[in-house]
>>> print(open('query_37.cif').read())   # mmCIF, C-alpha atoms
data_data
loop_
_atom_site.label_atom_id
_atom_site.label_comp_id
_atom_site.auth_asym_id
_atom_site.auth_seq_id
_atom_site.Cartn_x
_atom_site.Cartn_y
_atom_site.Cartn_z
CA GLY A 1 -14.80 2.58 -11.55
CA ASP A 2 -13.80 0.64 -8.47
CA SER A 3 -13.99 2.34 -5.09
CA VAL A 4 -13.51 1.57 -1.40
CA THR A 5 -15.29 3.47 1.36
CA GLN A 6 -14.05 3.39 4.94
CA MET A 7 -15.49 4.92 8.04
CA GLU A 8 -14.13 8.31 8.96
CA GLY A 9 -11.59 8.48 11.72
CA PRO A 10 -9.99 9.00 14.04
CA VAL A 11 -11.36 6.21 16.16
CA THR A 12 -10.37 6.43 19.82
CA LEU A 13 -10.80 3.40 22.06
CA SER A 14 -9.71 2.36 25.49
CA GLU A 15 -7.44 -0.64 25.81
CA GLU A 16 -9.34 -3.97 25.69
CA ALA A 17 -12.34 -2.41 23.92
CA CYS A 18 -13.85 -4.04 20.84
CA LEU A 19 -12.99 -2.64 17.44
CA THR A 20 -14.96 -2.51 14.21
CA ILE A 21 -13.81 -0.50 11.21
CA ASN A 22 -16.36 -0.54 8.43
CA CYS A 23 -15.33 -1.02 4.82
CA THR A 24 -17.58 -1.30 1.78
CA TYR A 25 -16.56 -1.55 -1.82
CA THR A 26 -17.89 -1.01 -5.33
CA ALA A 27 -16.49 -3.26 -8.01
CA THR A 28 -17.81 -5.66 -10.60
CA GLY A 29 -16.95 -9.30 -10.45
CA TYR A 30 -14.99 -10.79 -7.58
CA PRO A 31 -12.15 -8.61 -6.38
CA SER A 32 -9.60 -9.67 -3.79
CA LEU A 33 -9.91 -7.70 -0.55
CA PHE A 34 -7.16 -6.64 1.83
CA TRP A 35 -6.57 -4.80 5.07
CA TYR A 36 -3.23 -3.05 5.41
CA VAL A 37 -1.90 -1.33 8.53
CA GLN A 38 0.52 1.60 8.62
CA TYR A 39 2.28 2.41 11.87
CA PRO A 40 3.61 5.97 12.33
CA GLY A 41 6.58 6.67 10.09
CA GLU A 42 6.48 3.27 8.41
CA GLY A 43 5.32 1.61 5.20
CA LEU A 44 2.24 -0.54 4.82
CA GLN A 45 2.02 -4.06 6.21
CA LEU A 46 -0.52 -6.61 5.10
CA LEU A 47 -2.80 -7.40 8.01
CA LEU A 48 -5.14 -9.91 6.35
CA LYS A 49 -6.81 -10.71 3.07
CA ALA A 50 -9.68 -12.66 1.52
CA THR A 51 -9.89 -13.69 -2.09
CA LYS A 52 -13.42 -15.03 -2.48
CA ALA A 53 -16.89 -14.60 -1.04
CA ASP A 54 -17.41 -15.85 2.54
CA ASP A 55 -13.66 -16.19 3.09
CA LYS A 56 -12.50 -14.97 6.51
CA GLY A 57 -9.07 -13.43 6.81
CA SER A 58 -7.46 -13.34 10.23
CA ASN A 59 -4.16 -12.28 11.78
CA LYS A 60 -2.97 -11.04 15.19
CA GLY A 61 -6.51 -11.19 16.60
CA PHE A 62 -7.99 -9.17 13.72
CA GLU A 63 -10.66 -10.69 11.47
CA ALA A 64 -12.61 -9.67 8.40
CA THR A 65 -15.13 -11.62 6.31
CA TYR A 66 -15.69 -11.09 2.59
CA ARG A 67 -19.43 -10.43 2.25
CA LYS A 68 -20.45 -10.38 -1.38
CA GLU A 69 -24.12 -9.72 -0.66
CA THR A 70 -23.35 -6.52 1.27
CA THR A 71 -20.09 -5.72 -0.58
CA SER A 72 -18.36 -5.33 2.75
CA PHE A 73 -15.12 -6.34 4.46
CA HIS A 74 -15.35 -4.94 8.00
CA LEU A 75 -12.31 -5.24 10.26
CA GLU A 76 -12.92 -6.51 13.80
CA LYS A 77 -10.88 -7.22 16.90
CA GLY A 78 -12.22 -8.33 20.23
CA SER A 79 -9.73 -6.56 22.47
CA VAL A 80 -7.44 -3.80 21.22
CA GLN A 81 -4.05 -2.90 22.63
CA VAL A 82 -2.13 0.36 22.69
CA SER A 83 0.23 -1.20 20.14
CA ASP A 84 -2.66 -1.43 17.64
CA SER A 85 -2.64 2.35 17.26
CA ALA A 86 -2.07 2.94 13.55
CA VAL A 87 -3.81 3.82 10.31
CA TYR A 88 -5.79 1.00 8.73
CA PHE A 89 -6.42 0.86 4.96
CA CYS A 90 -9.03 -1.30 3.29
CA ALA A 91 -8.14 -2.14 -0.31
CA LEU A 92 -9.23 -4.19 -3.28
CA ILE A 93 -7.58 -5.56 -6.38
CA ARG A 94 -9.53 -6.30 -9.52
CA GLY A 95 -8.18 -6.38 -12.99
CA GLY A 96 -4.82 -6.72 -14.60
CA TYR A 97 -1.50 -5.72 -13.14
CA GLN A 98 -2.71 -5.59 -9.55
CA LYS A 99 -3.92 -2.02 -9.55
CA VAL A 100 -4.86 -1.54 -5.92
CA THR A 101 -7.80 0.65 -4.97
CA PHE A 102 -7.31 1.92 -1.42
CA GLY A 103 -9.82 3.41 0.96
CA THR A 104 -8.94 6.72 2.58
CA GLY A 105 -7.64 5.08 5.75
CA THR A 106 -8.95 5.06 9.33
CA LYS A 107 -6.73 6.20 12.14
CA LEU A 108 -7.07 4.18 15.32
CA GLN A 109 -5.85 5.50 18.62
CA VAL A 110 -5.93 3.20 21.65
CA ILE A 111 -5.48 4.80 25.05
CA PRO A 112 -4.36 2.97 28.19
CA ASP B 1 11.92 -13.40 4.22
CA THR B 2 9.20 -10.98 3.22
CA GLU B 3 11.29 -7.85 3.28
CA VAL B 4 11.40 -5.02 0.82
CA THR B 5 14.19 -2.55 1.53
CA GLN B 6 14.35 1.07 0.43
CA THR B 7 17.16 3.58 0.52
CA PRO B 8 17.59 6.27 1.53
CA LYS B 9 15.14 6.56 4.41
CA HIS B 10 15.05 10.36 4.11
CA LEU B 11 16.04 12.64 1.25
CA VAL B 12 16.14 16.41 0.96
CA MET B 13 16.76 17.85 -2.49
CA GLY B 14 16.61 21.13 -4.32
CA MET B 15 14.55 21.66 -7.43
CA THR B 16 17.64 21.50 -9.65
CA ASN B 17 19.08 18.34 -8.15
CA LYS B 18 19.13 14.84 -9.57
CA LYS B 19 18.71 11.99 -7.12
CA SER B 20 17.62 8.36 -7.13
CA LEU B 21 15.57 6.17 -4.84
CA LYS B 22 16.42 2.50 -4.59
CA CYS B 23 14.25 -0.50 -3.79
CA GLU B 24 15.33 -4.12 -3.41
CA GLN B 25 13.61 -7.43 -2.75
CA HIS B 26 14.95 -10.98 -2.58
CA MET B 27 11.69 -12.89 -2.52
CA GLY B 28 11.83 -13.89 -6.18
CA HIS B 29 8.92 -11.59 -6.97
CA ARG B 30 8.44 -10.64 -10.60
CA ALA B 31 6.32 -7.53 -10.08
CA MET B 32 7.46 -4.27 -8.49
CA TYR B 33 5.63 -1.04 -7.86
CA TRP B 34 6.20 2.61 -6.97
CA TYR B 35 3.62 4.50 -4.95
CA LYS B 36 3.46 8.09 -3.75
CA GLN B 37 1.78 8.85 -0.44
CA LYS B 38 0.93 12.34 0.76
CA ALA B 39 0.22 12.98 4.43
CA LYS B 40 -3.06 11.52 5.67
CA LYS B 41 -3.86 10.07 2.25
CA PRO B 42 -3.74 6.54 0.85
CA PRO B 43 -0.89 5.53 -1.45
CA GLU B 44 -1.29 6.41 -5.13
CA LEU B 45 0.11 4.06 -7.74
CA MET B 46 2.80 5.54 -9.99
CA PHE B 47 4.41 2.65 -11.89
CA VAL B 48 4.14 -1.12 -12.24
CA TYR B 49 6.94 -3.34 -13.53
CA SER B 50 6.10 -6.89 -14.50
CA TYR B 51 8.96 -9.22 -15.43
CA GLU B 52 11.26 -6.21 -15.61
CA LYS B 53 9.11 -4.42 -18.17
CA LEU B 54 7.16 -1.24 -17.46
CA SER B 55 3.52 -2.28 -17.58
CA ILE B 56 1.74 0.69 -16.07
CA ASN B 57 2.59 4.38 -15.92
CA GLU B 58 -0.21 6.26 -14.19
CA SER B 59 0.40 9.45 -16.17
CA VAL B 60 3.33 10.35 -13.96
CA PRO B 61 5.30 13.50 -14.96
CA SER B 62 8.55 12.81 -16.79
CA ARG B 63 10.59 14.30 -13.94
CA PHE B 64 10.06 10.85 -12.36
CA SER B 65 11.88 8.14 -14.29
CA PRO B 66 11.66 4.51 -13.17
CA GLU B 67 14.20 1.83 -13.96
CA CYS B 68 14.23 -1.91 -13.29
CA PRO B 69 17.81 -3.16 -13.86
CA ASN B 70 16.95 -6.71 -12.77
CA SER B 71 14.17 -8.64 -11.11
CA SER B 72 15.33 -7.73 -7.60
CA LEU B 73 16.00 -4.06 -8.02
CA LEU B 74 13.85 -1.02 -8.78
CA ASN B 75 15.03 2.55 -9.00
CA LEU B 76 13.22 5.85 -9.25
CA HIS B 77 15.28 8.66 -10.76
CA LEU B 78 14.27 12.17 -9.77
CA HIS B 79 15.08 15.33 -11.69
CA ALA B 80 13.80 18.90 -11.49
CA LEU B 81 11.18 18.10 -8.88
CA GLN B 82 8.71 20.58 -7.48
CA PRO B 83 7.92 21.23 -3.80
CA GLU B 84 4.54 19.54 -4.28
CA ASP B 85 6.42 16.29 -5.03
CA SER B 86 7.39 16.10 -1.37
CA ALA B 87 5.86 12.88 -0.06
CA LEU B 88 6.56 9.37 1.17
CA TYR B 89 7.58 7.16 -1.75
CA LEU B 90 6.75 3.52 -1.23
CA CYS B 91 8.03 0.54 -3.13
CA ALA B 92 6.17 -2.76 -3.20
CA SER B 93 6.58 -6.17 -4.77
CA SER B 94 4.40 -9.19 -5.45
CA GLN B 95 4.87 -12.63 -6.95
CA ASP B 96 2.96 -11.90 -10.15
CA ALA B 97 1.24 -8.67 -11.15
CA THR B 98 -1.46 -10.46 -13.12
CA VAL B 99 -2.84 -12.49 -10.19
CA TRP B 100 -5.42 -10.52 -8.20
CA SER B 101 -5.04 -12.56 -5.04
CA GLU B 102 -1.31 -11.99 -4.69
CA THR B 103 -0.18 -9.91 -1.74
CA GLN B 104 1.85 -6.78 -2.31
CA TYR B 105 4.67 -6.40 0.19
CA PHE B 106 5.65 -2.82 0.95
CA GLY B 107 8.95 -1.31 1.94
CA PRO B 108 9.28 1.30 4.71
CA GLY B 109 9.40 4.15 2.23
CA THR B 110 11.65 7.11 1.45
CA ARG B 111 10.47 10.40 2.86
CA LEU B 112 11.29 13.05 0.28
CA LEU B 113 11.39 16.79 0.87
CA VAL B 114 11.86 19.09 -2.13
CA LEU B 115 12.99 22.61 -1.31
#
>>> encode(input="query_37.cif", output="structure tokens")
Amino acid sequence: GDSVTQMEGPVTLSEEACLTINCTYTATGYPSLFWYVQYPGEGLQLLLKATKADDKGSNKGFEATYRKETTSFHLEKGSVQVSDSAVYFCALIRGGYQKVTFGTGTKLQVIP
Amino acid sequence: DTEVTQTPKHLVMGMTNKKSLKCEQHMGHRAMYWYKQKAKKPPELMFVYSYEKLSINESVPSRFSPECPNSSLLNLHLHALQPEDSALYLCASSQDATVWSETQYFGPGTRLLVL
């Protein structure tokens, strides 16, 4: 079946450091790929998405590129802020009725 | 407006109680979802409604009973829950459940504690 693998957290960075959170997936065909963010005590918010190979999703300084050849969708940001501290979920959708397959989540902590 | 609202925000209930969770969206979406999220875990899909019809039930115990009275509203009726059902319950909606590229918009969740 489909699966999403994310790097283990927590990831601790200093403010203004570069961020990369690795995400790889296993799925046949061409799934849609998403990054969601969950701030403490809140629901999930869509951060960005890409729906076909080589698409780049971007939002709030975050970027991720859909790499079919490496089945990856790594999340990157050039300069993180304390306000970026949250849990980040990589996810894919393939198949009917939008059954989402989530990764296990990566907690990011940014210190001043 | 991309808001999904959920009430109540917190709920404490005993194992013999009956309670309901409510979810509402006014984005004209025709698909709505219930997820359960345990601490430090990703959300797990429970139910999918598409055009007000139950399309997916992920083998959820019958003590959870979903209802979709209209295209904007989704309820989750709870009865005779167990302590292990304590979790964050998330509602989501999307334009069309059959389109893979559609974004699911999540509500803030109801944090449920079963005593």
>>> atom_distance(input="query_37.cif", atom1="CA of Glu15 in chain A", atom2="CA of Tyr36 in chain A")
21.0 Å
>>> resolve_selection(input="query_37.cif", expression="the PyMOL selection byres ((chain A) within 8 of (chain B))", output="PyMOL selection string")
chain A and resi 31-32+42-46+51+89+93-100+102-105
>>> write_last_selection(input="query_37.cif", atoms="C-alpha atoms", output="PDB file, keeping the file's coordinate frame")
ATOM      1  CA  PRO A  31     -12.150  -8.610  -6.380  1.00  0.00           C
ATOM      2  CA  SER A  32      -9.600  -9.670  -3.790  1.00  0.00           C
ATOM      3  CA  GLU A  42       6.480   3.270   8.410  1.00  0.00           C
ATOM      4  CA  GLY A  43       5.320   1.610   5.200  1.00  0.00           C
ATOM      5  CA  LEU A  44       2.240  -0.540   4.820  1.00  0.00           C
ATOM      6  CA  GLN A  45       2.020  -4.060   6.210  1.00  0.00           C
ATOM      7  CA  LEU A  46      -0.520  -6.610   5.100  1.00  0.00           C
ATOM      8  CA  THR A  51      -9.890 -13.690  -2.090  1.00  0.00           C
ATOM      9  CA  PHE A  89      -6.420   0.860   4.960  1.00  0.00           C
ATOM     10  CA  ILE A  93      -7.580  -5.560  -6.380  1.00  0.00           C
ATOM     11  CA  ARG A  94      -9.530  -6.300  -9.520  1.00  0.00           C
ATOM     12  CA  GLY A  95      -8.180  -6.380 -12.990  1.00  0.00           C
ATOM     13  CA  GLY A  96      -4.820  -6.720 -14.600  1.00  0.00           C
ATOM     14  CA  TYR A  97      -1.500  -5.720 -13.140  1.00  0.00           C
ATOM     15  CA  GLN A  98      -2.710  -5.590  -9.550  1.00  0.00           C
ATOM     16  CA  LYS A  99      -3.920  -2.020  -9.550  1.00  0.00           C
ATOM     17  CA  VAL A 100      -4.860  -1.540  -5.920  1.00  0.00           C
ATOM     18  CA  PHE A 102      -7.310   1.920  -1.420  1.00  0.00           C
ATOM     19  CA  GLY A 103      -9.820   3.410   0.960  1.00  0.00           C
ATOM     20  CA  THR A 104      -8.940   6.720   2.580  1.00  0.00           C
ATOM     21  CA  GLY A 105      -7.640   5.080   5.750  1.00  0.00           C
TER      22      GLY A 105
END
>>> residues_around(input="query_37.cif", residues="Ser72 in chain B", least_positions_apart="2", cutoff="9 Å", atoms="all atoms listed in the file", output="ChimeraX atom specification")
/B:23-30,32,68-70,74
>>> write_last_selection(input="query_37.cif", atoms="C-alpha atoms", output="PDB file, keeping the file's coordinate frame")
ATOM      1  CA  CYS B  23      14.250  -0.500  -3.790  1.00  0.00           C
ATOM      2  CA  GLU B  24      15.330  -4.120  -3.410  1.00  0.00           C
ATOM      3  CA  GLN B  25      13.610  -7.430  -2.750  1.00  0.00           C
ATOM      4  CA  HIS B  26      14.950 -10.980  -2.580  1.00  0.00           C
ATOM      5  CA  MET B  27      11.690 -12.890  -2.520  1.00  0.00           C
ATOM      6  CA  GLY B  28      11.830 -13.890  -6.180  1.00  0.00           C
ATOM      7  CA  HIS B  29       8.920 -11.590  -6.970  1.00  0.00           C
ATOM      8  CA  ARG B  30       8.440 -10.640 -10.600  1.00  0.00           C
ATOM      9  CA  MET B  32       7.460  -4.270  -8.490  1.00  0.00           C
ATOM     10  CA  CYS B  68      14.230  -1.910 -13.290  1.00  0.00           C
ATOM     11  CA  PRO B  69      17.810  -3.160 -13.860  1.00  0.00           C
ATOM     12  CA  ASN B  70      16.950  -6.710 -12.770  1.00  0.00           C
ATOM     13  CA  LEU B  74      13.850  -1.020  -8.780  1.00  0.00           C
TER      14      LEU B  74
END
>>> residues_near_point(input="query_37.cif", point="(3.5, 9.8, 13.7)", cutoff="12 Å", atoms="only C-alpha atoms", output="ChimeraX atom specification")
/A:38-43,85-87,107,109 /B:39-40
>>> resolve_selection(input="query_37.cif", expression="the PyMOL selection byres ((chain A and resi 108) around 10)", output="list of chain:residue names")
A:Gly9, A:Pro10, A:Val11, A:Thr12, A:Leu13, A:Leu19, A:Ile21, A:Val80, A:Val82, A:Asp84, A:Ser85, A:Ala86, A:Val87, A:Tyr88, A:Gly105, A:Thr106, A:Lys107, A:Gln109, A:Val110, A:Ile111
>>> axis_aligned_box(input="query_37.cif", around="range 27-42 of chain A", padding_each_side="6 Å", output="JSON")
{"center_x": -5.6, "center_y": -2.1, "center_z": 0.9, "size_x": 36.4, "size_y": 29.5, "size_z": 34.9}
>>> atom_distance(input="query_37.cif", atom1="CA of Arg63 in chain B", atom2="CA of Lys18 in chain B")
9.6 Å
>>> atom_distance(input="query_37.cif", atom1="CA of Gln6 in chain A", atom2="CA of Ala50 in chain A")
17.0 Å
>>> residues_around(input="query_37.cif", residues="range 79-81 of chain B", least_positions_apart="5", cutoff="8 Å", atoms="only C-alpha atoms", output="list in words")
Gly14, Met15, Thr16, Asn17, Lys18, Lys19, Arg63, Phe64 and Val114 of chain B
>>> closest_residue(input="query_37.cif", among="A:Leu47, A:Ala91, A:Met7, A:Ala17", to="Glu63 in chain A", atoms="all atoms listed in the file")
A:Leu47
>>> resolve_selection(input="query_37.cif", expression="the PyMOL selection byres ((chain A and resi 26) around 7)", output="compact mmCIF listing (two decimals) with C-alpha atoms, in the frame of the given file")
# COMPACT_ATOMS: atom_id res chain seq x y z
CA ASP A 2 -13.80 0.64 -8.47
CA SER A 3 -13.99 2.34 -5.09
CA VAL A 4 -13.51 1.57 -1.40
CA TYR A 25 -16.56 -1.55 -1.82
CA ALA A 27 -16.49 -3.26 -8.01
